[in-house]
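Reviewing the structure listed below.
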Amino acid sequence: MKIICTILLLFIFLGCKKNLIEKEMNSMNEMNFVPTKSMKIKNLLPFKNHDVCIGTYILKNDSIISQYEIESKYSLLVIKLKNISQNCTFNNHQSANYPTPGYFSTINEGLFEVNLSPEIFKDDYKINRIDFFSDNEINYQINNDTIKNFNLNFSNYAIKINNQDSKVIYSKIEYYGLKNINANIVLYHSEDQLYIFIMTPLKKNAIIDKNKLYEHLFGNNLLK
């Protein structure tokens with residue numbers, strides 16, 4: 001009888017422990033959306049005429065993703081990554097095949113969706129390497145340690161963190177009948193943070209100037 005009671009208590013203990021771990025993981029990975037709240041990027045994104053902040057996703061009181069509508073023509077997504085090492089490397093690859101195992105949160109960008117692994121936003125997760133995979137070649141306008149500004153015509157892409165298949169940001173077209181989307185992408189490295197800006201047209205098959213996003217963020221002075 002004592003053995004049976006001991007086994008039952010063990011099962012109850014393990015069950016409670018599992019529930020606590022699951023609750024902790026769900027709490028850590030839960031993103032809350034706050035409408036109209038804008039991410040602060042050291043005055044890099046001042047509101048201009050015809051700019052609208054749709055809202056910001058908050059994870060443990062930290063703004064990690066913001067969505068904007070620019071001039072009623074473009075969609076702008078901003079993703080903030082922390083704990084970027086000073087020697088963080090960036091590599092780009094032309095490839096549409098990449099594994100994406102693991103748990104992801106999904107954000108709808110209208111013409112396409114963005115899927116993110118919440119673990120890349122953990123406070124103690126150090127980022128040393130970033131790999132960008134796209135089904136078409138990227139075209140650099142600026143490529144230095146602080147700013148990477150490039151254009152891309154994509155049907156899907158993935159940003160892999162620290163060469164880990166389960167630590168990715170990946171996007172794919174969700175709009176029926178649309179094969180490719182034109183995009184401006186800027187990576188802005190400031191201290192130990194990296195901001196990923198992704199600008200796309202609001203309407204399918206619309207054209208976006210190759211320097212539109214950079215000029216919106218930094219003005220007309222192109223930095224080589």
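Just remember, in the structure tokens the first chain shown is A, the second B, etc., residues are 1-based per chain, and ligands are 1-based in the order shown.
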Please tabulate, as CSV, the residues of stretch 27-121 of chain A that come within 7 Å of stretch 170-183 of chain A, each with its closest pair of atoms and the distance in Å to one decimal, counting only C-alpha atoms and ordering rows by chain, then residue number upward.
```
residue,atom,partner,partner_atom,distance
A:Leu111,CA,A:Tyr175,CA,5.0
A:Phe112,CA,A:Ile173,CA,4.2
A:Glu113,CA,A:Ser171,CA,5.5
A:Val114,CA,A:Ser171,CA,4.5
A:Asn115,CA,A:Tyr170,CA,5.3
A:Leu116,CA,A:Tyr170,CA,6.7
```
Generate the output file for the selected residues, all heavy atoms, as a PDB file, in the first residue's frame.
```
ATOM      1  N   LEU A 111       0.276  40.951 -47.269  1.00  0.00           N
ATOM      2  CA  LEU A 111       0.633  40.126 -48.412  1.00  0.00           C
ATOM      3  C   LEU A 111       1.419  38.887 -48.012  1.00  0.00           C
ATOM      4  O   LEU A 111       1.450  37.909 -48.745  1.00  0.00           O
ATOM      5  CB  LEU A 111       1.456  40.945 -49.418  1.00  0.00           C
ATOM      6  CG  LEU A 111       0.761  42.163 -50.037  1.00  0.00           C
ATOM      7  CD1 LEU A 111       1.713  42.884 -50.982  1.00  0.00           C
ATOM      8  CD2 LEU A 111      -0.510  41.766 -50.766  1.00  0.00           C
ATOM      9  N   PHE A 112       2.074  38.948 -46.849  1.00  0.00           N
ATOM     10  CA  PHE A 112       2.864  37.809 -46.395  1.00  0.00           C
ATOM     11  C   PHE A 112       2.793  37.718 -44.876  1.00  0.00           C
ATOM     12  O   PHE A 112       2.297  38.627 -44.203  1.00  0.00           O
ATOM     13  CB  PHE A 112       4.320  37.921 -46.868  1.00  0.00           C
ATOM     14  CG  PHE A 112       5.093  39.067 -46.272  1.00  0.00           C
ATOM     15  CD1 PHE A 112       6.004  38.860 -45.248  1.00  0.00           C
ATOM     16  CD2 PHE A 112       4.914  40.363 -46.727  1.00  0.00           C
ATOM     17  CE1 PHE A 112       6.718  39.909 -44.697  1.00  0.00           C
ATOM     18  CE2 PHE A 112       5.626  41.425 -46.190  1.00  0.00           C
ATOM     19  CZ  PHE A 112       6.521  41.196 -45.168  1.00  0.00           C
ATOM     20  N   GLU A 113       3.277  36.608 -44.338  1.00  0.00           N
ATOM     21  CA  GLU A 113       3.306  36.422 -42.895  1.00  0.00           C
ATOM     22  C   GLU A 113       4.737  36.243 -42.428  1.00  0.00           C
ATOM     23  O   GLU A 113       5.600  35.773 -43.169  1.00  0.00           O
ATOM     24  CB  GLU A 113       2.450  35.222 -42.464  1.00  0.00           C
ATOM     25  CG  GLU A 113       3.000  33.872 -42.871  1.00  0.00           C
ATOM     26  CD  GLU A 113       2.157  32.712 -42.333  1.00  0.00           C
ATOM     27  OE1 GLU A 113       0.982  32.935 -42.029  1.00  0.00           O
ATOM     28  OE2 GLU A 113       2.701  31.594 -42.228  1.00  0.00           O
ATOM     29  N   VAL A 114       4.981  36.661 -41.187  1.00  0.00           N
ATOM     30  CA  VAL A 114       6.305  36.555 -40.584  1.00  0.00           C
ATOM     31  C   VAL A 114       6.214  35.621 -39.389  1.00  0.00           C
ATOM     32  O   VAL A 114       5.356  35.799 -38.514  1.00  0.00           O
ATOM     33  CB  VAL A 114       6.821  37.937 -40.128  1.00  0.00           C
ATOM     34  CG1 VAL A 114       8.221  37.804 -39.536  1.00  0.00           C
ATOM     35  CG2 VAL A 114       6.822  38.909 -41.291  1.00  0.00           C
ATOM     36  N   ASN A 115       7.071  34.624 -39.358  1.00  0.00           N
ATOM     37  CA  ASN A 115       7.097  33.644 -38.272  1.00  0.00           C
ATOM     38  C   ASN A 115       8.396  33.789 -37.491  1.00  0.00           C
ATOM     39  O   ASN A 115       9.473  33.854 -38.079  1.00  0.00           O
ATOM     40  CB  ASN A 115       6.982  32.221 -38.834  1.00  0.00           C
ATOM     41  CG  ASN A 115       5.723  32.039 -39.661  1.00  0.00           C
ATOM     42  OD1 ASN A 115       4.652  31.757 -39.144  1.00  0.00           O
ATOM     43  ND2 ASN A 115       5.853  32.212 -40.974  1.00  0.00           N
ATOM     44  N   LEU A 116       8.272  33.854 -36.162  1.00  0.00           N
ATOM     45  CA  LEU A 116       9.442  34.111 -35.323  1.00  0.00           C
ATOM     46  C   LEU A 116       9.529  33.110 -34.189  1.00  0.00           C
ATOM     47  O   LEU A 116       8.515  32.729 -33.603  1.00  0.00           O
ATOM     48  CB  LEU A 116       9.386  35.519 -34.722  1.00  0.00           C
ATOM     49  CG  LEU A 116       9.086  36.688 -35.658  1.00  0.00           C
ATOM     50  CD1 LEU A 116       7.613  37.047 -35.571  1.00  0.00           C
ATOM     51  CD2 LEU A 116       9.931  37.893 -35.296  1.00  0.00           C
TER      52      LEU A 116
END
```
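Inside stretch 5-173 of chain A, the residues DSSP reads as alpha helix (DSSP H) when given the backbone are Cys5, Thr6, Ile7, Leu8, Leu9, Leu10, Phe11, Ile12, Phe13, Leu14, Gly15, Cys16, Lys17, Lys18, Asn19, Leu20, Ile21, Glu22, Lys23, Glu24, Met25, Asn26, Ser27, Met28 and Asn29 of chain A.
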Strand (DSSP E) per DSSP on the backbone: members of stretch 31-61 of chain A, as a PyMOL selection string: chain A and resi 32-35+51-59
Using 10 Å as the limit and counting only C-alpha atoms, can you tabulate each residue of stretch 157-204 of chain A that touches stretch 146-152 of chain A, with its shortest atom-to-atom distance in Å and the two atoms involved, as JSON lines?
```
{"residue": "A:Tyr157", "atom": "CA", "partner": "A:Leu152", "partner_atom": "CA", "distance": 9.6}
{"residue": "A:Asn180", "atom": "CA", "partner": "A:Leu152", "partner_atom": "CA", "distance": 9.7}
{"residue": "A:Ile181", "atom": "CA", "partner": "A:Leu152", "partner_atom": "CA", "distance": 8.1}
{"residue": "A:Asn182", "atom": "CA", "partner": "A:Leu152", "partner_atom": "CA", "distance": 5.9}
{"residue": "A:Ala183", "atom": "CA", "partner": "A:Leu152", "partner_atom": "CA", "distance": 5.2}
{"residue": "A:Asn184", "atom": "CA", "partner": "A:Asn151", "partner_atom": "CA", "distance": 4.7}
{"residue": "A:Ile185", "atom": "CA", "partner": "A:Phe150", "partner_atom": "CA", "distance": 5.5}
{"residue": "A:Val186", "atom": "CA", "partner": "A:Asn149", "partner_atom": "CA", "distance": 4.5}
{"residue": "A:Leu187", "atom": "CA", "partner": "A:Lys148", "partner_atom": "CA", "distance": 5.0}
{"residue": "A:Tyr188", "atom": "CA", "partner": "A:Ile147", "partner_atom": "CA", "distance": 4.8}
{"residue": "A:His189", "atom": "CA", "partner": "A:Thr146", "partner_atom": "CA", "distance": 4.9}
{"residue": "A:Ser190", "atom": "CA", "partner": "A:Thr146", "partner_atom": "CA", "distance": 7.0}
{"residue": "A:Glu191", "atom": "CA", "partner": "A:Thr146", "partner_atom": "CA", "distance": 9.4}
{"residue": "A:Leu194", "atom": "CA", "partner": "A:Thr146", "partner_atom": "CA", "distance": 9.2}
{"residue": "A:Tyr195", "atom": "CA", "partner": "A:Ile147", "partner_atom": "CA", "distance": 9.8}
{"residue": "A:Ile196", "atom": "CA", "partner": "A:Lys148", "partner_atom": "CA", "distance": 9.6}
{"residue": "A:Phe197", "atom": "CA", "partner": "A:Asn149", "partner_atom": "CA", "distance": 9.4}
{"residue": "A:Ile198", "atom": "CA", "partner": "A:Asn151", "partner_atom": "CA", "distance": 9.8}
{"residue": "A:Met199", "atom": "CA", "partner": "A:Asn151", "partner_atom": "CA", "distance": 9.7}
{"residue": "A:Thr200", "atom": "CA", "partner": "A:Leu152", "partner_atom": "CA", "distance": 9.9}
```
Nearby residues (only C-alpha atoms) at most 9 Å from A:Phe132, same-chain spacing under 2 positions excluded, as a VMD selection string: chain A and resid 90 to 94 130 134 157 to 160
For the selection you just gave me, I'd like the residues written to a file as a CSV table (one decimal), in the first residue's frame, keeping C-alpha atoms.
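Saved file out00.csv follows:
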```csv
chain,number,residue,atom,x,y,z
A,90,PHE,CA,26.3,38.5,-41.3
A,91,ASN,CA,26.1,36.0,-44.2
A,92,ASN,CA,23.7,35.9,-47.1
A,93,HIS,CA,22.8,32.9,-49.2
A,94,GLN,CA,20.6,32.4,-52.2
A,130,ILE,CA,23.2,35.9,-38.5
A,134,SER,CA,16.4,34.1,-49.8
A,157,TYR,CA,13.2,34.2,-46.9
A,158,ALA,CA,14.7,33.1,-43.6
A,159,ILE,CA,17.0,34.8,-41.0
A,160,LYS,CA,18.8,32.1,-39.0
```
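Using only C-alpha atoms, the smallest distance between any of A:Thr56, A:Asn49, A:Gln86, A:Ser95 and A:Asp145 comes from A:Gln86.
The space separating atom CA of A:Ile79 from atom CA of A:Ile142 comes to 19.4 Å.
Between atom CA of A:Phe154 and atom CA of A:Asp192 the interatomic distance comes to 28.7 Å.
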Residue among A:Tyr140, A:Tyr103, A:Tyr214, A:Tyr125 lying closest to A:Ser166, counting only C-alpha atoms: A:Tyr103
Near-A:Phe47 list (12 Å; only C-alpha atoms; drop same-chain fewer than 3 positions) as a PyMOL selection string: chain A and resi 36-41+43-44+50-53+68-71+216-217
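Shortest separation to A:Ser63 among A:Met31, A:Ile120, A:Leu202, A:Ile127 occurs at residue A:Met31, atoms counted being only C-alpha atoms.
Here atom CA of A:Leu213 is placed at a distance of 24.0 Å from atom CA of A:Val34.
If you count only C-alpha atoms and ignore residues fewer than 6 places along the chain from stretch 58-62 of chain A, what sits within 7 Å of it is Glu30, Met31, Asn32 and Phe33 of chain A.
Considering the residues A:Ile138, A:Ile84, A:Ile161, A:Val168 and counting only C-alpha atoms, A:Ser117 has its shortest atom-to-atom contact with A:Val168.
Of the listed residues (A:Asn83, A:Ile65, A:Pro101, A:Phe218), A:Phe218 comes nearest to A:Leu45; the distances count only C-alpha atoms.
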